[in-house]
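Encoded as structure tokens, the structure appears first; notes follow it.
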Amino acid sequence: MPVLLDLRQAIIHKVHDKSDQEFREMIEGSVDGPEAALPGLGAIFEMIWKNIDTTKQDELIQIAQKHLKTVTPTPLS
């Protein structure tokens, strides 16, 4: 019988035993990488978001908003 994992569990399995340096390299290799990496980054972001206080969540929102003001979206085809 095949083992089925949801995406969140698959990400946890992939990063569970990584050192800090390996984890950083995985994240940096995913940023600006293939779009296939985006769900993994999203799952990691979700884990972070759920485990930080509202002050840090607010800081992340401000960082994202500040960056979004500096970019111009390209037209969707």
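FYI, nothing fancy with the structure tokens labels: chains A, B, ... in order, residues from 1 per chain, ligands from 1 as they appear.
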As JSON, numbers by chain, which residues of chain A does DSSP assign to helix (DSSP H, G or I)? {"A": [7, 8, 9, 10, 11, 12, 13, 14, 15, 20, 21, 22, 23, 24, 25, 26, 27, 28, 29, 30, 35, 36, 37, 38, 39, 40, 41, 42, 43, 44, 45, 46, 47, 48, 49, 50, 54, 55, 56, 57, 58, 59, 60, 61, 62, 63, 64, 65, 66, 67, 68]}
Rounded to one decimal in Å, what is the spacing between CA of Leu60 (chain A) and CA of Ala43 (chain A)? 15.7 Å
Which value, in Å to one decimal, gives the distance between CA of His13 (chain A) and CA of Thr55 (chain A)? 29.0 Å
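Take CA of Val31 (chain A) and CA of Leu76 (chain A): the distance between them is 21.3 Å.
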So which one's closest to Arg24 (chain A), A:Ile44, A:Lys50, A:Pro75, A:Asp58? Using only C-alpha atoms, please. A:Ile44
